[in-house]
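J.: So here's protein-v3.txt (compact mmCIF, C-alpha atoms).
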```txt
# COMPACT_ATOMS: atom_id res chain seq x y z
CA MET A 12 83.01 123.73 102.90
CA SER A 13 79.63 122.21 103.65
CA ALA A 14 79.22 118.67 104.84
CA ALA A 15 80.49 116.55 101.97
CA PRO A 16 78.87 113.19 101.17
CA THR A 17 81.37 110.92 102.88
CA ALA A 18 80.77 107.26 103.53
CA ALA A 19 80.82 107.82 107.29
CA ARG A 20 78.13 110.55 107.15
CA LEU A 21 75.85 108.35 105.06
CA GLY A 22 76.18 105.45 107.47
CA LEU A 23 78.36 103.45 105.11
CA LEU A 24 81.63 101.66 105.72
CA ALA A 25 84.32 101.20 103.10
CA CYS A 26 86.37 98.01 103.31
CA GLU A 27 90.07 98.83 103.40
CA VAL A 28 90.98 95.47 101.91
CA CYS A 29 88.58 94.95 99.00
CA ARG A 30 87.10 98.47 98.90
CA LEU A 31 83.49 97.32 98.90
CA VAL A 32 81.17 99.93 100.40
CA SER A 33 78.51 98.45 102.67
CA ARG A 34 75.91 99.68 105.12
CA ALA A 35 77.09 100.00 108.71
CA PRO A 36 75.17 97.68 111.07
CA ALA A 37 72.46 99.39 113.08
CA LEU A 38 73.69 97.83 116.29
CA GLY A 39 77.16 98.39 117.65
CA GLY A 40 79.85 95.77 117.63
CA ASP A 41 82.32 94.72 114.99
CA ALA A 42 81.16 95.05 111.42
CA HIS A 43 82.51 92.69 108.79
CA CYS A 44 82.79 93.19 105.07
CA PRO A 45 80.07 91.14 103.36
CA ARG A 46 82.41 90.38 100.48
CA CYS A 47 85.81 89.65 102.05
CA SER A 48 84.83 89.43 105.74
CA ALA A 49 87.52 91.89 106.84
CA THR A 50 86.73 93.84 110.00
CA LEU A 51 85.32 97.21 109.02
CA HIS A 52 86.09 100.51 110.69
CA ALA A 53 84.77 103.94 109.79
CA ARG A 54 88.24 105.18 110.79
CA LYS A 55 91.36 103.27 111.76
CA PRO A 56 90.94 102.38 115.46
CA ALA A 57 92.83 104.57 117.95
CA SER A 58 94.60 106.11 115.00
CA LEU A 59 96.09 109.14 116.73
CA ALA A 60 97.14 107.36 119.91
CA ARG A 61 98.91 104.64 117.93
CA THR A 62 100.56 107.11 115.59
CA TRP A 63 101.93 109.13 118.52
CA ALA A 64 103.14 106.03 120.33
CA PHE A 65 105.08 104.71 117.33
CA LEU A 66 106.28 108.16 116.40
CA ILE A 67 107.66 109.10 119.83
CA THR A 68 109.41 105.73 120.18
CA ALA A 69 110.95 106.24 116.75
CA MET A 70 112.14 109.73 117.70
CA ILE A 71 113.85 108.42 120.84
CA LEU A 72 115.57 105.63 118.90
CA TYR A 73 116.63 108.05 116.17
CA VAL A 74 119.31 109.36 118.56
CA PRO A 75 121.19 106.06 119.11
CA ALA A 76 120.55 105.15 115.46
CA ASN A 77 122.68 108.10 114.42
CA MET A 78 125.15 108.28 117.31
CA LEU A 79 126.09 104.61 117.65
CA PRO A 80 128.19 102.88 115.00
CA ILE A 81 126.21 100.78 112.57
CA MET A 82 129.34 99.03 111.39
CA ASP A 83 132.74 98.11 112.88
CA THR A 84 135.58 97.43 110.48
CA SER A 85 138.58 95.75 112.06
CA SER A 86 141.72 95.42 110.04
CA LEU A 87 145.46 95.33 110.61
CA PHE A 88 145.33 99.06 111.10
CA GLY A 89 142.93 98.94 113.97
CA THR A 90 139.18 99.23 114.31
CA GLN A 91 137.11 101.80 112.53
CA ARG A 92 133.59 102.53 113.72
CA ASP A 93 131.19 103.89 111.17
CA THR A 94 128.01 105.73 111.92
CA ILE A 95 125.48 106.38 109.18
CA LEU A 96 126.83 109.87 108.66
CA SER A 97 130.46 108.78 108.47
CA GLY A 98 129.40 106.16 105.92
CA VAL A 99 127.97 108.95 103.80
CA ALA A 100 131.14 110.99 104.30
CA PHE A 101 133.23 108.01 103.16
CA LEU A 102 131.24 107.71 99.94
CA TRP A 103 131.53 111.46 99.36
CA THR A 104 135.29 111.72 99.91
CA SER A 105 135.94 108.66 97.79
CA GLY A 106 134.23 110.37 94.88
CA SER A 107 130.86 108.59 94.69
CA PHE A 108 128.86 111.79 94.96
CA VAL A 109 125.62 110.41 93.56
CA LEU A 110 125.61 107.45 95.93
CA ALA A 111 126.63 109.66 98.85
CA LEU A 112 123.63 111.87 98.17
CA LEU A 113 121.40 108.85 97.70
CA VAL A 114 122.39 107.31 101.03
CA PHE A 115 122.19 110.70 102.73
CA PHE A 116 118.63 111.15 101.53
CA ALA A 117 117.50 107.59 102.20
CA SER A 118 119.11 107.21 105.63
CA ILE A 119 119.13 110.66 107.16
CA MET A 120 116.69 112.95 105.35
CA VAL A 121 113.84 110.50 104.78
CA PRO A 122 113.46 109.28 108.39
CA LEU A 123 113.82 112.82 109.71
CA ALA A 124 111.39 114.31 107.20
CA LYS A 125 108.99 111.46 107.83
CA MET A 126 108.97 112.01 111.59
CA ILE A 127 108.51 115.75 111.18
CA ALA A 128 105.72 115.28 108.64
CA LEU A 129 103.88 112.75 110.81
CA THR A 130 104.20 115.07 113.80
CA VAL A 131 102.69 117.90 111.77
CA LEU A 132 99.89 115.65 110.50
CA ALA A 133 99.02 114.15 113.87
CA ALA A 134 99.23 117.51 115.65
CA SER A 135 97.08 119.22 113.01
CA VAL A 136 94.38 116.57 113.37
CA GLN A 137 94.61 116.77 117.14
CA MET A 138 94.13 120.56 117.00
CA ARG A 139 91.31 120.16 114.48
CA ALA A 140 93.13 122.35 112.02
CA ALA A 141 91.38 123.10 108.74
CA TRP A 142 94.29 124.38 106.70
CA HIS A 143 95.25 122.89 103.36
CA PRO A 144 93.66 119.45 103.75
CA ARG A 145 94.59 118.51 100.20
CA THR A 146 98.26 119.34 100.73
CA ARG A 147 98.32 117.46 104.02
CA THR A 148 96.78 114.41 102.36
CA ARG A 149 99.39 114.60 99.63
CA LEU A 150 102.12 114.85 102.29
CA TYR A 151 100.80 111.67 103.85
CA ARG A 152 100.85 109.91 100.49
CA VAL A 153 104.48 110.91 99.93
CA ILE A 154 105.77 109.75 103.33
CA GLU A 155 103.89 106.48 103.05
CA PHE A 156 105.68 105.82 99.78
CA ALA A 157 109.14 107.12 100.71
CA GLY A 158 109.59 105.48 104.13
CA ARG A 159 110.65 102.06 102.85
CA TRP A 160 113.73 103.47 101.12
CA SER A 161 115.35 104.12 104.50
CA MET A 162 116.04 100.38 104.75
CA LEU A 163 118.86 100.93 102.27
CA ASP A 164 121.64 101.16 104.85
CA ILE A 165 120.49 98.02 106.62
CA TYR A 166 120.96 96.04 103.41
CA VAL A 167 124.32 97.66 102.74
CA VAL A 168 125.58 96.66 106.19
CA THR A 169 124.19 93.13 105.77
CA LEU A 170 126.13 92.59 102.55
CA LEU A 171 129.34 94.12 103.87
CA VAL A 172 129.24 91.96 106.99
CA ALA A 173 128.59 88.84 104.92
CA LEU A 174 131.33 89.50 102.39
CA VAL A 175 134.10 90.90 104.56
CA HIS A 176 133.76 88.28 107.23
CA VAL A 177 136.04 85.44 106.35
CA SER A 178 138.88 87.52 105.06
CA THR A 179 142.13 87.68 106.95
CA PHE A 180 142.60 91.21 105.75
CA ALA A 181 139.66 92.75 107.52
CA SER A 182 136.34 91.87 109.04
CA ILE A 183 133.19 93.89 109.31
CA HIS A 184 130.65 93.51 112.07
CA ALA A 185 127.26 95.07 112.52
CA GLY A 186 127.19 97.71 115.26
CA PRO A 187 124.45 98.47 117.78
CA GLY A 188 123.37 101.45 115.71
CA ALA A 189 122.10 99.10 113.00
CA ALA A 190 119.45 97.58 115.25
CA ALA A 191 118.37 101.05 116.44
CA PHE A 192 118.23 102.29 112.88
CA GLY A 193 116.20 99.29 111.72
CA ALA A 194 113.81 99.90 114.58
CA VAL A 195 113.39 103.54 113.54
CA VAL A 196 112.46 102.49 110.00
CA VAL A 197 110.00 99.86 111.20
CA LEU A 198 108.44 102.17 113.80
CA THR A 199 107.97 105.06 111.36
CA MET A 200 106.34 102.64 108.93
CA PHE A 201 103.97 101.50 111.65
CA ALA A 202 103.31 105.12 112.57
CA ALA A 203 102.45 105.95 108.96
CA THR A 204 100.09 102.99 108.55
CA SER A 205 98.38 103.79 111.87
CA PHE A 206 97.60 107.32 110.80
CA ASP A 207 94.23 107.73 109.11
CA PRO A 208 94.28 110.55 106.51
CA ARG A 209 90.47 110.66 106.58
CA LEU A 210 90.76 112.34 109.98
CA ILE A 211 92.25 115.36 108.19
CA TRP A 212 88.95 115.81 106.37
CA ASP A 213 86.62 114.97 109.22
CA THR A 214 87.08 118.30 110.98
CA LEU A 215 86.06 120.21 107.85
CA GLY A 216 82.44 119.16 107.98
CA GLU A 217 82.09 120.19 111.62
CA LYS A 218 82.89 123.82 110.99
CA PRO A 219 79.92 126.06 110.17
CA MET B 254 74.94 92.97 89.03
CA SER B 255 72.69 95.89 89.90
CA ALA B 256 73.67 99.53 89.44
CA SER B 257 77.40 100.10 89.71
CA PRO B 258 78.45 100.11 93.37
CA PRO B 259 79.77 103.33 94.91
CA VAL B 260 83.41 103.72 95.79
CA ALA B 261 84.71 105.58 98.84
CA CYS B 262 88.04 107.41 98.80
CA LEU B 263 90.36 105.68 101.29
CA GLU B 264 92.14 108.95 102.02
CA CYS B 265 89.26 111.36 102.58
CA ASP B 266 86.17 109.09 102.68
CA LEU B 267 84.28 110.98 99.96
CA LEU B 268 81.77 108.79 98.10
CA HIS B 269 81.87 108.55 94.33
CA ARG B 270 79.81 106.82 91.71
CA ARG B 271 81.81 104.45 89.57
CA SER B 272 81.91 105.30 85.90
CA PRO B 273 83.61 103.51 83.02
CA LEU B 274 87.14 104.67 82.26
CA PRO B 275 88.86 105.07 78.90
CA PRO B 276 91.74 102.63 78.33
CA GLY B 277 94.71 103.60 80.48
CA GLY B 278 92.53 105.96 82.51
CA GLU B 279 92.49 106.44 86.25
CA ALA B 280 89.72 107.79 88.48
CA ARG B 281 90.82 110.30 91.07
CA CYS B 282 88.98 111.61 94.11
CA THR B 283 87.43 114.99 93.32
CA ARG B 284 88.26 116.27 96.78
CA CYS B 285 91.74 115.04 97.73
CA GLY B 286 93.10 113.72 94.43
CA ALA B 287 93.83 110.18 95.62
CA CYS B 288 93.52 107.40 93.07
CA LEU B 289 90.14 105.67 93.39
CA TYR B 290 90.48 102.98 90.76
CA ARG B 291 92.30 102.34 87.51
CA TRP B 292 91.25 101.09 84.16
CA ALA B 293 92.15 97.44 83.85
CA ARG B 294 92.46 95.42 80.68
CA PRO B 295 90.06 92.52 80.45
CA ASP B 296 92.95 90.08 80.72
CA ALA B 297 94.66 91.98 83.56
CA ASN B 298 94.76 89.09 86.00
CA GLU B 299 95.90 86.69 83.32
CA ARG B 300 98.92 88.94 82.82
CA ALA B 301 99.41 89.38 86.56
CA LEU B 302 99.43 85.60 86.92
CA ALA B 303 101.98 85.11 84.16
CA LEU B 304 104.25 87.77 85.64
CA ALA B 305 103.89 86.40 89.18
CA LEU B 306 104.71 82.90 87.96
CA ALA B 307 107.83 84.18 86.22
CA ALA B 308 108.73 86.08 89.40
CA CYS B 309 108.39 82.87 91.45
CA ILE B 310 110.95 81.16 89.23
CA LEU B 311 113.32 84.12 89.32
CA PHE B 312 112.95 84.28 93.07
CA VAL B 313 114.48 80.82 93.35
CA VAL B 314 117.29 81.75 90.95
CA ALA B 315 117.97 84.98 92.83
CA ASN B 316 118.28 83.17 96.12
CA VAL B 317 120.34 80.21 94.95
CA PHE B 318 123.12 82.10 93.17
CA PRO B 319 125.54 84.45 94.92
CA ILE B 320 124.73 88.15 94.66
CA VAL B 321 128.30 89.36 94.81
CA GLY B 322 131.70 87.79 94.84
CA LEU B 323 134.69 89.45 96.44
CA GLU B 324 138.42 88.94 96.38
CA ILE B 325 140.69 90.49 98.98
CA GLN B 326 144.35 89.50 98.78
CA GLY B 327 143.62 86.18 97.20
CA VAL B 328 140.86 85.27 99.59
CA HIS B 329 137.59 84.77 97.79
CA SER B 330 134.20 85.14 99.37
CA SER B 331 130.70 85.37 97.99
CA ALA B 332 127.28 85.67 99.52
CA THR B 333 123.75 84.75 98.70
CA LEU B 334 120.99 86.78 100.31
CA ILE B 335 120.03 84.09 102.78
CA GLY B 336 123.71 83.46 103.50
CA ALA B 337 124.17 87.17 104.19
CA ALA B 338 121.24 87.25 106.60
CA ARG B 339 122.68 84.14 108.25
CA SER B 340 126.12 85.63 108.79
CA LEU B 341 124.49 88.69 110.31
CA TRP B 342 122.59 86.37 112.65
CA ASP B 343 125.78 84.51 113.58
CA ASP B 344 127.48 87.85 114.11
CA GLY B 345 125.00 88.59 116.90
CA ALA B 346 122.87 91.17 115.10
CA ARG B 347 119.84 88.92 115.26
CA ALA B 348 117.12 91.56 115.13
CA VAL B 349 118.66 93.13 112.04
CA ALA B 350 119.17 89.71 110.42
CA LEU B 351 115.51 88.90 111.05
CA LEU B 352 114.41 92.22 109.59
CA VAL B 353 116.45 91.56 106.45
CA PHE B 354 115.13 88.03 106.12
CA VAL B 355 111.50 89.06 106.57
CA THR B 356 111.59 92.03 104.17
CA THR B 357 113.59 90.44 101.35
CA VAL B 358 112.82 86.72 101.56
CA LEU B 359 109.78 85.85 103.63
CA VAL B 360 107.33 88.58 102.60
CA PRO B 361 108.19 88.59 98.87
CA ALA B 362 108.00 84.77 98.79
CA ALA B 363 104.67 84.67 100.62
CA GLU B 364 103.30 87.39 98.39
CA LEU B 365 104.37 85.74 95.16
CA ILE B 366 103.24 82.25 96.08
CA GLY B 367 99.97 83.61 97.47
CA ILE B 368 99.04 85.72 94.46
CA THR B 369 100.02 82.92 92.06
CA TRP B 370 97.86 80.46 93.95
CA VAL B 371 94.83 82.74 94.09
CA LEU B 372 95.03 83.85 90.45
CA ALA B 373 95.71 80.35 89.14
CA ALA B 374 92.59 79.08 90.89
CA LEU B 375 90.48 81.98 89.62
CA ARG B 376 91.72 81.42 86.10
CA ARG B 377 90.31 77.91 86.18
CA GLY B 378 87.04 79.40 87.36
CA ARG B 379 87.52 78.14 90.88
CA ARG B 380 87.75 79.75 94.20
CA GLY B 381 91.09 78.55 95.47
CA TRP B 382 91.32 77.10 98.94
CA GLY B 383 91.97 79.93 101.41
CA ALA B 384 91.82 82.58 98.69
CA VAL B 385 90.10 85.24 100.80
CA PRO B 386 92.43 85.10 103.82
CA LEU B 387 95.37 84.87 101.44
CA LEU B 388 94.41 88.06 99.63
CA HIS B 389 93.91 89.74 103.01
CA PHE B 390 97.33 88.62 104.08
CA ILE B 391 98.96 89.79 100.85
CA GLU B 392 97.31 93.18 101.19
CA SER B 393 98.50 93.60 104.78
CA VAL B 394 102.14 92.60 104.25
CA LYS B 395 102.56 94.50 100.99
CA PRO B 396 104.52 97.45 102.46
CA TRP B 397 107.06 95.02 103.97
CA GLY B 398 108.31 93.49 100.74
CA MET B 399 111.37 95.55 99.87
CA VAL B 400 113.14 93.80 97.02
CA GLU B 401 113.68 97.06 95.11
CA VAL B 402 115.31 98.74 98.12
CA PHE B 403 117.52 95.69 98.55
CA VAL B 404 118.71 95.86 94.94
CA LEU B 405 119.74 99.47 95.47
CA GLY B 406 121.47 98.44 98.71
CA VAL B 407 123.51 95.85 96.81
CA LEU B 408 124.64 98.51 94.36
CA VAL B 409 125.73 100.82 97.18
CA ALA B 410 127.61 97.97 98.87
CA LEU B 411 129.32 97.12 95.57
CA VAL B 412 130.55 100.67 95.15
CA LYS B 413 131.82 100.77 98.74
CA LEU B 414 133.70 97.53 98.25
CA THR B 415 135.34 98.48 94.95
CA HIS B 416 137.59 100.76 97.00
CA VAL B 417 139.08 97.91 99.00
CA ALA B 418 138.73 94.81 96.87
CA SER B 419 137.88 93.48 93.45
CA VAL B 420 134.20 92.70 93.31
CA GLU B 421 132.22 90.85 90.70
CA PRO B 422 128.45 91.00 90.55
CA GLY B 423 127.00 87.51 90.66
CA ALA B 424 124.11 85.89 88.83
CA GLY B 425 121.96 86.49 91.90
CA LEU B 426 122.24 90.25 91.50
CA PHE B 427 120.93 90.19 87.93
CA ALA B 428 118.18 87.81 88.96
CA PHE B 429 117.22 90.19 91.77
CA GLY B 430 117.17 93.11 89.34
CA ALA B 431 114.81 91.24 87.04
CA LEU B 432 112.76 90.00 90.00
CA MET B 433 112.28 93.59 91.14
CA LEU B 434 110.88 94.52 87.71
CA LEU B 435 108.62 91.46 87.53
CA ILE B 436 107.17 92.07 91.00
CA ALA B 437 106.41 95.67 90.08
CA ALA B 438 104.88 94.66 86.74
CA SER B 439 102.74 91.96 88.31
CA ALA B 440 101.49 94.31 91.04
CA ALA B 441 100.70 96.96 88.42
CA ALA B 442 98.78 94.49 86.27
CA PHE B 443 96.82 92.96 89.16
CA ASP B 444 93.15 93.96 89.08
CA ALA B 445 92.08 93.51 92.70
CA ASP B 446 88.50 94.63 91.98
CA ALA B 447 88.02 91.90 89.40
CA ALA B 448 89.58 89.29 91.68
CA TRP B 449 87.30 90.19 94.59
CA ALA B 450 84.23 90.26 92.35
CA GLN B 451 85.13 86.83 90.98
CA LEU B 452 85.71 85.46 94.47
CA GLU B 453 82.34 86.82 95.55
CA ALA B 454 80.54 85.33 92.55
CA GLY B 455 82.11 81.95 93.15
CA ARG B 456 80.96 81.76 96.73
```
Here is the file; what I need is its structure written in the form of structure tokens.
T.:
Amino acid sequence: MSAAPTAARLGLLACEVCRLVSRAPALGGDAHCPRCSATLHARKPASLARTWAFLITAMILYVPANMLPIMDTSSLFGTQRDTILSGVAFLWTSGSFVLALLVFFASIMVPLAKMIALTVLAASVQMRAAWHPRTRTRLYRVIEFAGRWSMLDIYVVTLLVALVHVSTFASIHAGPGAAAFGAVVVLTMFAATSFDPRLIWDTLGEKP
Amino acid sequence: MSASPPVACLECDLLHRRSPLPPGGEARCTRCGACLYRWARPDANERALALALAACILFVVANVFPIVGLEIQGVHSSATLIGAARSLWDDGARAVALLVFVTTVLVPAAELIGITWVLAALRRGRRGWGAVPLLHFIESVKPWGMVEVFVLGVLVALVKLTHVASVEPGAGLFAFGALMLLIAASAAAFDADAAWAQLEAGR
């Protein structure tokens, strides 16, 4: 593919807030959008470094998020500690197959798939790969949209703790896994917003 | 205005010339397929304002009434969203409580009040006080408003609880369901291009 007419090649900057395209200033320094005065960048600043930093932290926290209990249920029969996976198993064995699948996807598959996808995207940009830029861009679009749904379990735990709190029959408390899991969701969202999909296309123009 | 301004794809940076769209149409990037801009009805922001205003009212209803009520062995308990976040905070899970509060109360509230304020001012042909920073703010916190995920979370919690207790969905739950739809409808109707152009003209 020959050098495509991108804003960056033509010395233009697109505002990420109001989308106005304006001429980049001749001198260095921070450019500001003439319409909405947002700071303009040709590409998100330090995109790859930030993406990696958030991503690696999320990967490390993914371990305690899944190993530690996110919920402790204490009742007359003792204390039961639930991890995310055992919560899914509970839904499945009690017959709520659709919800079990839903929670399994939102809490286990989505964060995992998101971290793998972001690793592939960041690594491919780092290696200046030229394969399937359109597919990679689409992948980015999907993970940016899907990531929020992982918060599902956090809300479930919140409601369970609030409702089964005062009862004499049982009480539910949030476990340490919940904080780790919440952090994973937040960090992967930060990682996704730090990544600049335009970098996928930048390498294409360089190749002869 | 002079010739129609160019538009750059935010996902691959390719420049495009703007051209008029048929009603309901959408312009996509010729290279990566990302959406560049959508057709907007002339009264798009009027609709967005009406929907946002309705959402503001429902937001109050959703937060005042309990979401779910629960009865275990004669003991009744119910929780509003803010109450639930509070009991999580009291339980020691402060970071999680904060995360819940920010994503389901603070961000949606700020977004709704902000967009209502900006659009109401524009409708009267004025540039509302702080409109530009407000729109910036709304744009940057948008991914953190998660009302629709919360509604799904309530449903999952309800199903889990039906195994151990009798649960009744409260008025808050229905209000949240409607709020979720109104937020989505208002965001879909909002014509950011027109709003920015109007703000620029009013400067």
J.: Would you place a box with edges along x, y and z of the file around all atoms of segment 401-411 of chain B listed there, add 8 Å to each of its six sides, and report the centre and edge lengths in Å to one decimal, as JSON?
T.:
```
{"center_x": 121.5, "center_y": 98.3, "center_z": 96.6, "size_x": 31.6, "size_y": 21.1, "size_z": 20.5}
```
J.: Within 7 Å of (130.5, 81.9, 94.9) (file coordinates; all atoms listed in the file), which protein or nucleic acid residues are there? I'd like them as an MDAnalysis selection string.
T.: chainID B and resid 319 322 330:332
J.: Give as a list in words every residue of chain B that touches chain A within 6 Å, counting all atoms listed in the file.
T.: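 Taking all atoms listed in the file into account, Glu264, Cys265, Asp266, Leu267, Leu268, Cys285, Ala337, Ser340, Val349, Val402, Phe403, Gly406 and Ala410 of chain B sit within 6 Å of chain A.
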J.: Env of Ala338 of chain B: 7 Å cut, atoms = only C-alpha atoms, seq-sep filter 6 positions within chain, self excluded. Answer as a PyMOL selection string.
T.: (chain A and resi 169) or (chain B and resi 350+353-354)
J.: Quick one: residues within 8 Å of Thr94 of chain A, all atoms listed in the file, excluding same-chain residues fewer than 3 positions away - as a compact mmCIF listing (two decimals) with C-alpha atoms, keeping the file's coordinate frame?
T.:
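Result saved to result.txt:
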```
# COMPACT_ATOMS: atom_id res chain seq x y z
CA ASN A 77 122.68 108.10 114.42
CA MET A 78 125.15 108.28 117.31
CA LEU A 79 126.09 104.61 117.65
CA PRO A 80 128.19 102.88 115.00
CA ILE A 81 126.21 100.78 112.57
CA MET A 82 129.34 99.03 111.39
CA SER A 97 130.46 108.78 108.47
CA GLY A 98 129.40 106.16 105.92
CA GLY A 188 123.37 101.45 115.71
```
J.: Could you pull segment 26-39 of chain A out of the structure just shown and give N, CA and C atoms as a tab-separated table (two decimals), in the first residue's frame?
T.:
```tsv
chain	number	residue	atom	x	y	z
A	26	CYS	N	-8.72	16.56	16.28
A	26	CYS	CA	-9.07	16.65	17.69
A	26	CYS	C	-9.84	15.41	18.10
A	27	GLU	N	-9.41	14.78	19.19
A	27	GLU	CA	-10.08	13.56	19.62
A	27	GLU	C	-11.37	13.84	20.36
A	28	VAL	N	-11.57	15.09	20.75
A	28	VAL	CA	-12.79	15.43	21.48
A	28	VAL	C	-13.87	15.90	20.50
A	29	CYS	N	-13.57	16.94	19.69
A	29	CYS	CA	-14.62	17.48	18.84
A	29	CYS	C	-14.41	17.12	17.37
A	30	ARG	N	-13.33	16.43	17.08
A	30	ARG	CA	-13.06	15.89	15.75
A	30	ARG	C	-12.70	16.92	14.69
A	31	LEU	N	-12.51	18.17	15.08
A	31	LEU	CA	-12.10	19.18	14.12
A	31	LEU	C	-10.67	18.87	13.66
A	32	VAL	N	-10.44	19.01	12.34
A	32	VAL	CA	-9.10	18.80	11.81
A	32	VAL	C	-8.46	20.16	11.62
A	33	SER	N	-7.29	20.35	12.22
A	33	SER	CA	-6.62	21.66	12.09
A	33	SER	C	-5.17	21.46	11.73
A	34	ARG	N	-4.54	22.54	11.29
A	34	ARG	CA	-3.14	22.48	10.88
A	34	ARG	C	-2.25	22.40	12.10
A	35	ALA	N	-1.27	21.50	12.08
A	35	ALA	CA	-0.33	21.40	13.18
A	35	ALA	C	0.54	22.65	13.21
A	36	PRO	N	0.86	23.16	14.42
A	36	PRO	CA	1.69	24.38	14.48
A	36	PRO	C	3.10	24.09	13.94
A	37	ALA	N	3.67	25.10	13.30
A	37	ALA	CA	4.99	24.92	12.70
A	37	ALA	C	6.04	24.68	13.78
A	38	LEU	N	5.90	25.39	14.89
A	38	LEU	CA	6.85	25.20	15.98
A	38	LEU	C	6.38	24.05	16.86
A	39	GLY	N	7.33	23.51	17.61
A	39	GLY	CA	6.95	22.42	18.51
A	39	GLY	C	6.09	22.93	19.64
```
